[in-house]
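Text of the file upload_38.txt, holding compact mmCIF, C-alpha atoms:
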```txt
# COMPACT_ATOMS: atom_id res chain seq x y z
CA MET A 1488 4.46 5.12 -8.16
CA ALA A 1489 1.85 2.69 -6.86
CA GLU A 1490 2.00 3.98 -3.28
CA PHE A 1491 0.87 7.42 -4.48
CA GLN A 1492 -2.10 6.22 -6.56
CA THR A 1493 -5.67 6.53 -5.35
CA VAL A 1494 -7.26 3.48 -3.76
CA LYS A 1495 -8.81 1.24 -6.42
CA GLY A 1496 -12.27 2.44 -7.39
CA MET A 1497 -11.75 5.91 -5.85
CA ARG A 1498 -10.74 9.08 -7.66
CA ASP A 1499 -9.34 12.58 -7.45
CA PHE A 1500 -11.34 15.32 -9.19
CA LEU A 1501 -9.40 18.10 -10.91
CA PRO A 1502 -11.08 21.53 -11.16
CA ASN A 1503 -12.77 20.97 -14.54
CA GLU A 1504 -14.65 17.88 -13.30
CA ALA A 1505 -15.13 19.17 -9.76
CA ILE A 1506 -16.78 22.31 -11.17
CA LEU A 1507 -19.07 20.21 -13.37
CA ARG A 1508 -20.03 18.06 -10.39
CA ASP A 1509 -20.82 21.12 -8.28
CA LYS A 1510 -23.03 22.50 -11.06
CA VAL A 1511 -24.89 19.19 -11.27
CA PHE A 1512 -25.36 18.99 -7.50
CA GLU A 1513 -26.65 22.56 -7.40
CA LYS A 1514 -29.20 21.97 -10.17
CA ILE A 1515 -30.44 18.76 -8.55
CA LYS A 1516 -30.62 20.40 -5.12
CA LYS A 1517 -32.77 23.25 -6.49
CA VAL A 1518 -35.26 20.80 -8.00
CA PHE A 1519 -35.42 18.75 -4.78
CA GLU A 1520 -36.15 21.88 -2.76
CA ARG A 1521 -38.72 23.02 -5.33
CA PHE A 1522 -40.66 19.85 -4.50
CA GLY A 1523 -40.46 20.57 -0.77
CA PHE A 1524 -37.63 18.20 0.22
CA SER A 1525 -35.31 19.43 2.99
CA PRO A 1526 -31.69 18.37 3.57
CA ALA A 1527 -30.80 15.80 6.24
CA ILE A 1528 -27.27 14.40 6.56
CA THR A 1529 -26.24 11.02 7.96
CA PRO A 1530 -22.68 9.91 8.91
CA SER A 1531 -20.34 8.16 6.51
CA LEU A 1532 -19.78 5.46 9.17
CA GLU A 1533 -22.46 3.29 10.77
CA TYR A 1534 -22.33 0.29 13.05
CA TYR A 1535 -22.10 -2.81 10.88
CA GLU A 1536 -25.34 -4.17 12.38
CA VAL A 1537 -27.23 -1.27 10.79
CA PHE A 1538 -26.61 -2.86 7.39
CA ALA A 1539 -26.98 -6.47 8.58
CA ASN A 1540 -29.28 -8.72 6.59
CA LYS A 1541 -32.37 -8.31 8.77
CA TYR A 1542 -32.63 -4.68 7.67
CA GLY A 1543 -32.99 -5.62 4.05
CA ILE A 1544 -29.94 -5.06 1.84
CA GLY A 1545 -29.67 -8.85 1.46
CA GLU A 1546 -26.95 -11.41 2.06
CA GLU A 1547 -25.69 -10.95 -1.50
CA ASN A 1548 -24.86 -7.30 -0.81
CA LEU A 1549 -23.21 -7.83 2.58
CA LYS A 1550 -20.00 -8.92 0.84
CA ASN A 1551 -19.86 -5.51 -0.87
CA ILE A 1552 -19.76 -3.56 2.39
CA TYR A 1553 -16.50 -1.91 3.47
CA GLN A 1554 -16.25 -3.08 7.08
CA PHE A 1555 -13.60 -2.88 9.79
CA GLU A 1556 -13.09 -2.65 13.55
CA ASP A 1557 -12.20 0.58 15.33
CA LYS A 1558 -9.59 0.79 18.08
CA SER A 1559 -12.17 -0.29 20.66
CA GLY A 1560 -13.08 -3.40 18.67
CA ARG A 1561 -16.46 -2.10 17.49
CA LYS A 1562 -17.52 -3.41 14.08
CA LEU A 1563 -18.14 -0.48 11.73
CA ALA A 1564 -19.08 -0.04 8.06
CA LEU A 1565 -18.84 2.69 5.47
CA ARG A 1566 -22.40 3.35 4.35
CA PHE A 1567 -23.54 1.07 1.54
CA ASP A 1568 -26.44 3.33 0.59
CA GLN A 1569 -28.36 6.27 2.07
CA THR A 1570 -31.69 4.49 2.58
CA VAL A 1571 -30.68 2.27 5.50
CA PRO A 1572 -29.05 5.18 7.43
CA LEU A 1573 -32.24 7.18 6.84
CA ALA A 1574 -34.27 4.36 8.37
CA ARG A 1575 -32.01 4.46 11.43
CA LEU A 1576 -32.34 8.26 11.57
CA ILE A 1577 -36.16 8.06 11.56
CA ALA A 1578 -36.15 5.34 14.21
CA CYS A 1579 -33.96 7.57 16.41
CA ASN A 1580 -36.23 10.61 15.89
CA PRO A 1581 -39.86 9.47 16.19
CA GLN A 1582 -40.96 13.05 16.93
CA LEU A 1583 -40.39 14.16 13.32
CA PRO A 1584 -43.61 15.37 11.64
CA LYS A 1585 -44.99 13.12 8.89
CA PRO A 1586 -44.65 13.04 6.02
CA PHE A 1587 -40.94 13.59 6.47
CA LYS A 1588 -39.48 14.67 3.12
CA ARG A 1589 -35.70 14.67 2.96
CA TYR A 1590 -32.86 14.77 0.47
CA GLU A 1591 -29.21 13.88 0.92
CA ILE A 1592 -26.33 14.34 -1.52
CA SER A 1593 -23.39 12.35 -0.15
CA ARG A 1594 -20.80 9.66 -0.79
CA VAL A 1595 -21.44 5.92 -0.48
CA TRP A 1596 -19.03 2.99 -0.75
CA ARG A 1597 -19.43 -0.47 -2.29
CA TYR A 1598 -16.76 -3.08 -2.94
CA GLU A 1599 -17.98 -3.93 -6.44
CA GLU A 1600 -16.62 -4.54 -9.92
CA ILE A 1601 -15.39 -1.30 -11.50
CA LYS A 1602 -16.71 -0.32 -14.94
CA LYS A 1603 -18.04 2.68 -16.88
CA GLY A 1604 -20.09 4.82 -14.53
CA ARG A 1605 -19.50 2.49 -11.56
CA TYR A 1606 -16.86 3.04 -8.87
CA ARG A 1607 -16.29 1.91 -5.29
CA GLU A 1608 -16.66 5.40 -3.87
CA PHE A 1609 -19.43 7.37 -5.50
CA TRP A 1610 -22.08 10.00 -4.85
CA GLN A 1611 -25.81 9.52 -4.65
CA CYS A 1612 -28.55 12.14 -4.62
CA ASP A 1613 -31.45 10.68 -2.63
CA ILE A 1614 -34.97 11.86 -1.95
CA ASP A 1615 -37.35 10.03 0.37
CA ILE A 1616 -40.85 10.49 1.77
CA VAL A 1617 -41.48 8.80 5.11
CA GLY A 1618 -44.87 8.29 6.73
CA SER A 1619 -47.27 8.24 3.75
CA LYS A 1620 -48.96 5.08 2.43
CA SER A 1621 -50.48 6.99 -0.47
CA MET A 1622 -49.36 6.23 -4.02
CA LEU A 1623 -49.28 10.02 -4.39
CA ALA A 1624 -45.99 9.93 -2.43
CA ASP A 1625 -44.56 7.49 -4.99
CA ALA A 1626 -45.75 9.76 -7.81
CA GLU A 1627 -44.16 12.79 -6.12
CA VAL A 1628 -40.77 11.06 -5.82
CA ILE A 1629 -40.88 9.90 -9.45
CA ALA A 1630 -41.98 13.32 -10.74
CA CYS A 1631 -39.21 15.05 -8.79
CA ALA A 1632 -36.53 12.70 -10.17
CA ILE A 1633 -37.79 13.20 -13.73
CA GLU A 1634 -37.77 16.97 -13.29
CA ALA A 1635 -34.18 16.85 -11.95
CA VAL A 1636 -33.00 14.85 -14.96
CA LYS A 1637 -34.77 17.27 -17.33
CA GLU A 1638 -33.10 20.19 -15.51
CA LEU A 1639 -29.72 18.61 -16.31
CA GLY A 1640 -30.57 18.67 -20.03
CA PHE A 1641 -31.59 15.05 -20.62
CA LYS A 1642 -34.46 14.47 -23.05
CA ASP A 1643 -34.27 10.88 -24.26
CA PHE A 1644 -35.09 8.86 -21.13
CA VAL A 1645 -37.91 6.90 -19.52
CA MET A 1646 -38.84 5.91 -15.96
CA ARG A 1647 -39.63 2.19 -15.96
CA ILE A 1648 -42.08 1.18 -13.22
CA ASN A 1649 -43.13 -2.18 -11.75
CA ASN A 1650 -44.41 -3.59 -8.45
CA ARG A 1651 -42.71 -6.22 -6.28
CA LYS A 1652 -46.09 -7.57 -5.16
CA LEU A 1653 -46.88 -8.43 -8.78
CA LEU A 1654 -43.57 -10.28 -9.07
CA SER A 1655 -44.32 -12.19 -5.85
CA ALA A 1656 -47.74 -13.14 -7.26
CA LEU A 1657 -46.06 -14.25 -10.49
CA LEU A 1658 -43.78 -16.65 -8.60
CA LYS A 1659 -46.82 -18.06 -6.80
CA TYR A 1660 -48.59 -18.47 -10.15
CA THR A 1661 -45.59 -20.32 -11.62
CA LYS A 1662 -45.32 -22.41 -8.40
CA VAL A 1663 -41.61 -21.58 -8.06
CA LYS A 1664 -40.41 -22.89 -4.70
CA THR A 1665 -36.92 -21.33 -4.82
CA LYS A 1666 -36.26 -18.38 -2.50
CA GLU A 1667 -38.05 -15.40 -4.03
CA ASN A 1668 -35.25 -12.87 -3.56
CA ASP A 1669 -32.76 -15.13 -5.35
CA VAL A 1670 -35.08 -15.35 -8.37
CA LEU A 1671 -35.71 -11.60 -8.43
CA ARG A 1672 -32.01 -10.81 -8.21
CA ILE A 1673 -31.42 -12.87 -11.35
CA ILE A 1674 -34.35 -11.29 -13.21
CA ASP A 1675 -32.85 -7.91 -12.26
CA LYS A 1676 -29.84 -8.78 -14.44
CA LEU A 1677 -31.94 -8.82 -17.63
CA ASP A 1678 -30.48 -5.55 -18.97
CA LYS A 1679 -26.94 -6.71 -18.24
CA ILE A 1680 -26.88 -10.35 -19.42
CA GLY A 1681 -29.96 -10.58 -21.66
CA GLN A 1682 -32.82 -13.09 -21.71
CA LYS A 1683 -30.63 -16.11 -22.46
CA GLY A 1684 -28.29 -15.24 -19.59
CA VAL A 1685 -31.18 -14.88 -17.15
CA GLU A 1686 -32.78 -18.13 -18.34
CA LYS A 1687 -29.44 -19.93 -17.84
CA GLU A 1688 -29.02 -18.62 -14.29
CA LEU A 1689 -32.64 -19.42 -13.34
CA LEU A 1690 -32.18 -23.00 -14.56
CA GLU A 1691 -28.92 -23.25 -12.61
CA LEU A 1692 -30.83 -22.01 -9.56
CA GLY A 1693 -33.11 -25.01 -9.87
CA LEU A 1694 -36.14 -23.73 -11.76
CA LYS A 1695 -37.75 -25.95 -14.38
CA LYS A 1696 -37.90 -24.97 -18.06
CA ASP A 1697 -41.68 -24.55 -18.00
CA GLU A 1698 -41.40 -22.32 -14.90
CA VAL A 1699 -38.83 -20.11 -16.62
CA LYS A 1700 -41.03 -19.90 -19.73
CA MET A 1701 -44.07 -18.88 -17.66
CA ILE A 1702 -42.03 -16.16 -15.97
CA PHE A 1703 -40.84 -14.72 -19.29
CA ASP A 1704 -44.30 -14.93 -20.85
CA VAL A 1705 -45.42 -12.46 -18.17
CA ILE A 1706 -42.43 -10.17 -17.67
CA MET A 1707 -41.97 -9.59 -21.42
CA THR A 1708 -45.58 -8.42 -21.85
CA LYS A 1709 -45.65 -5.17 -23.85
CA GLY A 1710 -48.25 -2.47 -24.49
CA SER A 1711 -49.88 0.47 -22.75
CA VAL A 1712 -50.32 0.47 -18.98
CA LYS A 1713 -53.99 -0.47 -19.38
CA ASP A 1714 -53.24 -3.25 -21.90
CA ILE A 1715 -50.50 -4.80 -19.76
CA LEU A 1716 -52.57 -4.76 -16.57
CA ASN A 1717 -55.47 -6.36 -18.47
CA LYS A 1718 -53.20 -9.08 -19.87
CA ILE A 1719 -51.95 -10.03 -16.39
CA SER A 1720 -55.31 -9.75 -14.64
CA PHE A 1721 -55.02 -13.46 -13.72
CA LEU A 1722 -52.42 -12.45 -11.11
CA GLU A 1723 -55.23 -10.71 -9.22
CA ASN A 1724 -56.32 -14.17 -8.08
CA TYR A 1725 -53.51 -13.80 -5.55
CA ASP A 1726 -53.83 -11.23 -2.74
CA LEU A 1727 -50.45 -9.68 -3.49
CA GLY A 1728 -51.21 -9.57 -7.21
CA LYS A 1729 -54.47 -7.73 -6.56
CA GLU A 1730 -52.71 -5.22 -4.32
CA GLY A 1731 -49.94 -4.73 -6.87
CA VAL A 1732 -52.36 -3.99 -9.72
CA GLU A 1733 -54.35 -1.55 -7.57
CA GLU A 1734 -51.19 0.25 -6.46
CA LEU A 1735 -49.93 0.62 -10.03
CA GLU A 1736 -53.31 1.86 -11.25
CA LYS A 1737 -53.38 4.55 -8.56
CA LEU A 1738 -49.74 5.48 -9.17
CA PHE A 1739 -50.17 5.89 -12.93
CA ASP A 1740 -53.39 7.85 -12.40
CA TYR A 1741 -51.51 10.38 -10.25
CA LEU A 1742 -48.45 10.46 -12.52
CA LYS A 1743 -50.52 11.48 -15.55
CA ASP A 1744 -51.33 14.75 -13.78
CA MET A 1745 -47.71 15.39 -12.79
CA VAL A 1746 -45.49 14.28 -15.69
CA GLU A 1747 -45.73 13.94 -19.48
CA GLU A 1748 -46.65 10.33 -20.23
CA LYS A 1749 -43.71 9.90 -22.63
CA TYR A 1750 -41.40 9.96 -19.59
CA PHE A 1751 -42.76 6.85 -17.82
CA CYS A 1752 -43.99 3.34 -18.63
CA ILE A 1753 -44.77 0.00 -17.03
CA ASP A 1754 -42.06 -2.68 -17.34
CA LEU A 1755 -42.85 -6.03 -15.74
CA SER A 1756 -39.25 -7.23 -16.18
CA LEU A 1757 -37.96 -4.63 -13.70
CA ALA A 1758 -37.09 -6.31 -10.40
CA ARG A 1759 -34.49 -4.16 -8.52
CA GLY A 1760 -31.86 -6.15 -6.64
CA LEU A 1761 -32.32 -4.97 -3.05
CA ASP A 1762 -34.47 -7.07 -0.72
CA TYR A 1763 -36.07 -4.19 1.16
CA TYR A 1764 -38.50 -3.10 -1.57
CA THR A 1765 -42.11 -3.99 -0.78
CA SER A 1766 -44.29 -2.43 -3.48
CA ASN A 1767 -43.68 -0.07 -6.41
CA ILE A 1768 -40.15 -0.05 -7.85
CA PHE A 1769 -38.77 2.23 -10.53
CA GLU A 1770 -35.67 2.85 -12.59
CA LEU A 1771 -34.79 5.69 -14.96
CA SER A 1772 -32.99 4.59 -18.12
CA VAL A 1773 -31.37 6.65 -20.87
CA LYS A 1774 -30.82 5.78 -24.53
CA ASP A 1775 -27.12 4.95 -23.96
CA LYS A 1776 -27.36 1.26 -23.01
CA THR A 1777 -23.68 1.09 -22.02
CA ILE A 1778 -24.32 3.32 -19.00
CA GLY A 1779 -27.32 1.48 -17.50
CA SER A 1780 -29.90 3.26 -15.37
CA ILE A 1781 -29.18 6.71 -13.89
CA ALA A 1782 -31.77 6.57 -11.09
CA GLY A 1783 -33.59 3.91 -9.15
CA GLY A 1784 -35.75 3.39 -6.11
CA GLY A 1785 -39.03 2.18 -4.75
CA ARG A 1786 -41.27 1.75 -1.73
CA TYR A 1787 -39.83 0.13 1.40
CA ASP A 1788 -42.61 -0.03 3.99
CA GLU A 1789 -41.03 -2.57 6.34
CA MET A 1790 -37.46 -1.41 6.87
CA ILE A 1791 -37.94 1.43 9.36
CA GLY A 1792 -40.27 -0.66 11.52
CA LYS A 1793 -37.51 -3.23 11.96
CA PHE A 1794 -35.35 -0.58 13.59
CA VAL A 1795 -38.01 -0.09 16.26
CA GLY A 1796 -38.45 -3.78 16.95
CA GLY A 1797 -41.31 -4.32 14.53
CA LYS A 1798 -43.73 -2.45 16.83
CA GLU A 1799 -45.19 -0.48 13.93
CA GLN A 1800 -44.97 -0.22 10.17
CA ILE A 1801 -43.64 3.13 8.96
CA PRO A 1802 -44.24 3.48 5.21
CA ALA A 1803 -41.52 5.06 3.06
CA VAL A 1804 -40.61 5.58 -0.58
CA GLY A 1805 -37.52 7.03 -2.23
CA ILE A 1806 -35.25 7.26 -5.24
CA ALA A 1807 -31.53 7.85 -5.75
CA LEU A 1808 -29.93 9.58 -8.73
CA GLY A 1809 -26.67 7.86 -9.70
CA ILE A 1810 -24.47 10.90 -10.07
CA GLU A 1811 -21.43 9.08 -11.54
CA ARG A 1812 -23.38 7.81 -14.53
CA ILE A 1813 -24.99 11.21 -15.02
CA ILE A 1814 -21.56 12.86 -14.98
CA GLU A 1815 -20.20 10.37 -17.54
CA LEU A 1816 -23.01 11.30 -19.93
CA LEU A 1817 -22.67 15.05 -19.32
CA LYS A 1818 -18.90 14.98 -19.88
CA GLU A 1819 -19.54 13.66 -23.38
CA LYS A 1820 -21.74 16.61 -24.37
CA GLU A 1821 -20.63 19.57 -22.21
CA ASN A 1822 -17.66 21.91 -22.56
CA ASN A 1823 -16.32 21.66 -19.04
CA VAL A 1824 -15.29 24.85 -17.28
CA ALA A 1825 -11.71 24.55 -16.00
CA ASN A 1826 -11.85 27.41 -13.52
CA VAL A 1827 -14.43 29.29 -11.45
CA THR A 1828 -12.57 32.59 -11.83
CA LYS A 1829 -14.40 35.27 -13.85
CA VAL A 1830 -11.57 37.79 -14.22
CA PHE A 1831 -7.79 37.89 -13.76
CA VAL A 1832 -6.41 41.30 -12.71
CA ALA A 1833 -2.96 41.53 -14.32
CA ASN A 1834 -0.38 44.11 -13.34
CA VAL A 1835 1.92 45.51 -16.05
CA SER A 1836 4.81 46.03 -13.61
CA GLU A 1837 5.69 45.77 -9.95
CA ASN A 1838 4.64 49.42 -9.59
CA ASN A 1839 1.03 48.43 -10.29
CA ARG A 1840 0.81 45.38 -8.00
CA LYS A 1841 -0.94 47.20 -5.14
CA ASP A 1842 -3.33 48.85 -7.61
CA SER A 1843 -4.25 45.37 -8.87
CA ILE A 1844 -4.83 44.16 -5.31
CA LYS A 1845 -7.16 47.11 -4.59
CA ILE A 1846 -9.19 46.49 -7.76
CA ALA A 1847 -9.42 42.77 -6.98
CA LYS A 1848 -10.69 43.62 -3.49
CA THR A 1849 -13.41 45.85 -4.98
CA LEU A 1850 -14.49 43.14 -7.45
CA ARG A 1851 -14.58 40.44 -4.78
CA GLU A 1852 -16.72 42.65 -2.55
CA LYS A 1853 -19.21 42.79 -5.44
CA GLY A 1854 -19.31 38.97 -5.57
CA ILE A 1855 -17.11 38.60 -8.66
CA ASN A 1856 -14.67 35.67 -8.67
CA THR A 1857 -11.28 37.34 -9.13
CA GLU A 1858 -7.64 36.24 -9.30
CA ILE A 1859 -4.41 38.23 -9.12
CA ASP A 1860 -0.84 37.27 -9.96
CA LEU A 1861 0.77 35.41 -7.06
CA MET A 1862 3.93 34.39 -8.91
CA GLU A 1863 5.38 37.86 -9.63
CA ARG A 1864 5.47 37.07 -13.35
CA PRO A 1865 5.74 39.47 -16.30
CA LEU A 1866 2.52 40.47 -18.06
CA SER A 1867 2.97 37.98 -20.93
CA LYS A 1868 3.24 35.08 -18.48
CA GLN A 1869 0.17 36.29 -16.59
CA LEU A 1870 -1.80 36.28 -19.86
CA ASP A 1871 -0.52 32.77 -20.64
CA TYR A 1872 -1.70 31.57 -17.24
CA ALA A 1873 -5.17 33.10 -17.68
CA ASN A 1874 -5.43 31.50 -21.11
CA LYS A 1875 -4.39 28.04 -19.89
CA CYS A 1876 -6.87 28.24 -17.01
CA LYS A 1877 -9.62 29.41 -19.41
CA ILE A 1878 -10.34 32.51 -17.34
CA PRO A 1879 -12.80 34.45 -19.53
CA PHE A 1880 -11.56 38.00 -18.83
CA VAL A 1881 -8.27 39.71 -18.03
CA LEU A 1882 -8.09 43.29 -16.71
CA ILE A 1883 -4.75 44.99 -17.43
CA VAL A 1884 -3.53 47.48 -14.83
CA GLY A 1885 -0.60 49.74 -15.81
CA ASP A 1886 0.61 53.26 -14.99
CA GLN A 1887 -1.52 54.86 -17.72
CA GLU A 1888 -4.63 52.90 -16.69
CA VAL A 1889 -4.25 53.92 -13.04
CA LYS A 1890 -3.73 57.54 -14.03
CA THR A 1891 -6.80 57.76 -16.30
CA GLY A 1892 -9.06 55.34 -14.42
CA LYS A 1893 -9.62 53.48 -17.71
CA TYR A 1894 -8.46 49.85 -17.89
CA LYS A 1895 -8.03 47.39 -20.77
CA LEU A 1896 -10.47 44.45 -20.47
CA LYS A 1897 -9.53 41.50 -22.66
CA ASP A 1898 -12.20 38.93 -23.62
CA MET A 1899 -9.99 35.84 -23.83
CA SER A 1900 -12.36 33.69 -25.87
CA LYS A 1901 -13.18 36.37 -28.48
CA GLY A 1902 -9.74 37.96 -28.52
CA THR A 1903 -11.26 41.43 -28.26
CA GLU A 1904 -10.29 44.35 -26.00
CA ILE A 1905 -12.24 47.34 -24.68
CA SER A 1906 -11.49 50.24 -22.34
CA VAL A 1907 -13.60 50.40 -19.15
CA ASN A 1908 -13.75 52.19 -15.83
CA ILE A 1909 -14.40 50.20 -12.64
CA SER A 1910 -18.18 50.78 -12.68
CA GLN A 1911 -18.45 49.61 -16.29
CA LEU A 1912 -16.21 46.63 -15.48
CA ILE A 1913 -18.46 45.55 -12.60
CA ASN A 1914 -21.59 45.81 -14.79
CA ILE A 1915 -19.99 43.71 -17.54
CA LEU A 1916 -18.75 41.01 -15.18
CA LEU A 1917 -22.07 40.82 -13.29
CA ASP A 1918 -24.08 40.58 -16.51
```
Exercise: express the given structure as structure tokens:
Amino acid sequence: MAEFQTVKGMRDFLPNEAILRDKVFEKIKKVFERFGFSPAITPSLEYYEVFANKYGIGEENLKNIYQFEDKSGRKLALRFDQTVPLARLIACNPQLPKPFKRYEISRVWRYEEIKKGRYREFWQCDIDIVGSKSMLADAEVIACAIEAVKELGFKDFVMRINNRKLLSALLKYTKVKTKENDVLRIIDKLDKIGQKGVEKELLELGLKKDEVKMIFDVIMTKGSVKDILNKISFLENYDLGKEGVEELEKLFDYLKDMVEEKYFCIDLSLARGLDYYTSNIFELSVKDKTIGSIAGGGRYDEMIGKFVGGKEQIPAVGIALGIERIIELLKEKENNVANVTKVFVANVSENNRKDSIKIAKTLREKGINTEIDLMERPLSKQLDYANKCKIPFVLIVGDQEVKTGKYKLKDMSKGTEISVNISQLINILLD
């Protein structure tokens, strides 16, 4: 019945997927902490003004915000991303030591088109470094994201890197007079709608054919980092172009010492759709083109300052891992665990129920995930349940087992059975 369905774009997670998600979060969290990032948590709700256009998500994205009024008439919004709330957090806590390195693994909400790997409620895993102007901070964020993706088992991927200052210089070079952010948002669609689609939209925006050609002549430049930067050296005639080239050179110089070069490249067609990026931008793409990028971010040096009235510039850089797309890819190659239970303690008869409870208590005290029969079912039904739930082991407790202190331990996947005492059982299950 429709009234009992989830809200469009939002989902329930049954144990098999919820367990997979927890495993992914835990692996990512360990990598983040290995790089010295600490957790910081922001609320799901913010005042709508926090996401208003002047803070940088852009007019185009405002329509994708879930917004409403509370009972006192205050205009509120579910968070659109985790970067803007972080900026507000920093502005509210100026005493924090710099650099401030934080991670957050939380839900965000966007009223967008639903497709593979994209939902209206989804999780992001963010890391950010606040307070450092150095390109070493950008390299650290990129290296950490790459390490997290490797930890999850991905091998065939690349971090594409560009610089918004270079793109700004390119639009000056081509003498495009249309609003810069509108042009960059269209270029950002290149992976989705292809070159012809982007050309069509740029022409519809008002650009001339020769302007569009000049843009593509630059953004489609291929080669090594050194070759590409040499080929576009003419952009250094513009202040922003010079800064962009210098920033990329420093970034790539640091990255070479932190990450294998096969995992990153320069891609001048990368634009990123959000208005708040000011310098380096990056996106991690996998071989599966149907899923799009699985991580993205960049430097946003102006956003936090706007929260403190523009009195000072507070540099910042960050990246978010798109957990939904990562999960979609992992589901295709992993055998999902359906249950967190390690052993089911089955009682042969009602006489052995309390013996089963005592054994379960002992196992739980040792940190072993243990279930007992709560349905008062016969042994055969208990075994059926354990099998359906894919519980790896079943311990059978009957009169003879209690008397001798030796219990039958069934390995459900192998179909084998051995006799163990409680000490042996604990050693096997903790192995």
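Distances to Thr1857 (chain A) were evaluated for A:Lys1818, A:Pro1802, A:Leu1916, A:Asp1871 using only C-alpha atoms, and the minimum falls at A:Leu1916.
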| query | Can you list, as a list in words, every protein, DNA or RNA residue that comes within 7 Å of Tyr1763 (chain A) when you count all atoms listed in the file, leaving out same-chain residues fewer than 2 positions away? | reply | Gly1543, Ile1544, Leu1761, Thr1765, Tyr1787 and Met1790 of chain A
| said: Which residue is closest to Val1804 (chain A)? Choose from A:Ala1624, A:Val1494, A:Val1881, A:Val1595 and count all atoms listed in the file. | reply: A:Ala1624
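Counting from CA of Ala1564 (chain A), the distance to CA of Glu1546 (chain A) is 15.1 Å.
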| task | For Met1701 (chain A), list every protein, DNA or RNA residue within 9 Å, evaluated using only C-alpha atoms, and leave out those in the same chain fewer than 6 positions away; present the list as number ranges by chain. | result | A: 1657, 1660-1661
| field | Separation of CA of Lys1652 (chain A) from CA of Leu1757 (chain A), in Å and rounded to one decimal | value | 12.2 Å
| said: Could you check which residues have any atom within 12 Å of (-49.1, -0.8, -10.3), counting only C-alpha atoms with coordinates taken straight from the file, and then list them as number ranges by chain? | reply: A: 1622, 1625-1626, 1647-1654, 1712-1713, 1715-1717, 1719-1720, 1723, 1727-1742, 1752-1755, 1766-1769, 1785-1786
Quick one: contact table of region 1488-1544 of chain A to region 1597-1605 of chain A, 12 Å max, nearest atom pair and distance in Å to one decimal per residue, counting all atoms listed in the file, chain and number order, as JSON lines?
```
{"residue": "A:Val1494", "atom": "CA", "partner": "A:Tyr1598", "partner_atom": "CA", "distance": 11.6}
{"residue": "A:Lys1495", "atom": "CA", "partner": "A:Ile1601", "partner_atom": "CA", "distance": 8.7}
{"residue": "A:Gly1496", "atom": "CA", "partner": "A:Ile1601", "partner_atom": "CA", "distance": 6.4}
{"residue": "A:Met1497", "atom": "CA", "partner": "A:Ile1601", "partner_atom": "CA", "distance": 9.9}
{"residue": "A:Arg1498", "atom": "CA", "partner": "A:Arg1605", "partner_atom": "CA", "distance": 11.6}
```
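Distance-wise, CA of Lys1516 (chain A) and CA of Gly1792 (chain A) end up 28.5 Å apart.
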Excluding Gly1809 (chain A) and residues on its chain fewer than 3 positions from it, collect all residues at most 10 Å away from it, counting all atoms listed in the file, and give them as a CSV table (one decimal) with C-alpha atoms, in the coordinates of the input.
```csv
chain,number,residue,atom,x,y,z
A,1604,GLY,CA,-20.1,4.8,-14.5
A,1605,ARG,CA,-19.5,2.5,-11.6
A,1609,PHE,CA,-19.4,7.4,-5.5
A,1610,TRP,CA,-22.1,10.0,-4.8
A,1611,GLN,CA,-25.8,9.5,-4.6
A,1612,CYS,CA,-28.6,12.1,-4.6
A,1613,ASP,CA,-31.4,10.7,-2.6
A,1771,LEU,CA,-34.8,5.7,-15.0
A,1780,SER,CA,-29.9,3.3,-15.4
A,1781,ILE,CA,-29.2,6.7,-13.9
A,1782,ALA,CA,-31.8,6.6,-11.1
A,1783,GLY,CA,-33.6,3.9,-9.2
A,1806,ILE,CA,-35.2,7.3,-5.2
A,1812,ARG,CA,-23.4,7.8,-14.5
A,1813,ILE,CA,-25.0,11.2,-15.0
A,1814,ILE,CA,-21.6,12.9,-15.0
```
Using 4 Å of padding on each side, determine the axis-aligned box around all atoms of region 1770-1789 of chain A present in the file and give its centre and edge lengths in Å to one decimal, as JSON.
```
{"center_x": -33.1, "center_y": 2.1, "center_z": -9.1, "size_x": 26.9, "size_y": 17.3, "size_z": 38.9}
```
| Close residues, Val1889 (chain A) itself excluded, 12 Å, only C-alpha atoms, min 6 positions apart in chain, as a list of chain:residue names | A:Asn1834, A:Val1835, A:Asn1838, A:Asn1839, A:Arg1840, A:Lys1841, A:Asp1842, A:Ser1843, A:Lys1845, A:Ile1846, A:Leu1882, A:Ile1883, A:Lys1895, A:Val1907, A:Asn1908, A:Ile1909
| note | Shortest contact to Lys1798 (chain A), candidates A:Ala1578, A:Ala1527, A:Leu1671, A:Leu1549, atoms counted all atoms listed in the file, goes to A:Ala1578
| request: Name the residues within 9 Å of (-26.6, 15.4, 6.1), counting all atoms listed in the file in the file's coordinates, and put them as a PyMOL selection string. | output: chain A and resi 1526-1530+1590-1593
| remark: Glu1667 (chain A) proximity check over A:Pro1502, A:Gly1760, A:Pro1879, A:Pro1581, using all atoms listed in the file: winner is A:Gly1760
Identify, on the basis of all atoms listed in the file, every residue whose closest approach to Leu1870 (chain A) does not exceed 8 Å; exclude the query and any residue fewer than 4 positions from it along the same chain; express the result as a CSV table (one decimal) with C-alpha atoms, in the coordinates of the input.
```
chain,number,residue,atom,x,y,z
A,1833,ALA,CA,-3.0,41.5,-14.3
A,1866,LEU,CA,2.5,40.5,-18.1
A,1874,ASN,CA,-5.4,31.5,-21.1
A,1881,VAL,CA,-8.3,39.7,-18.0
```
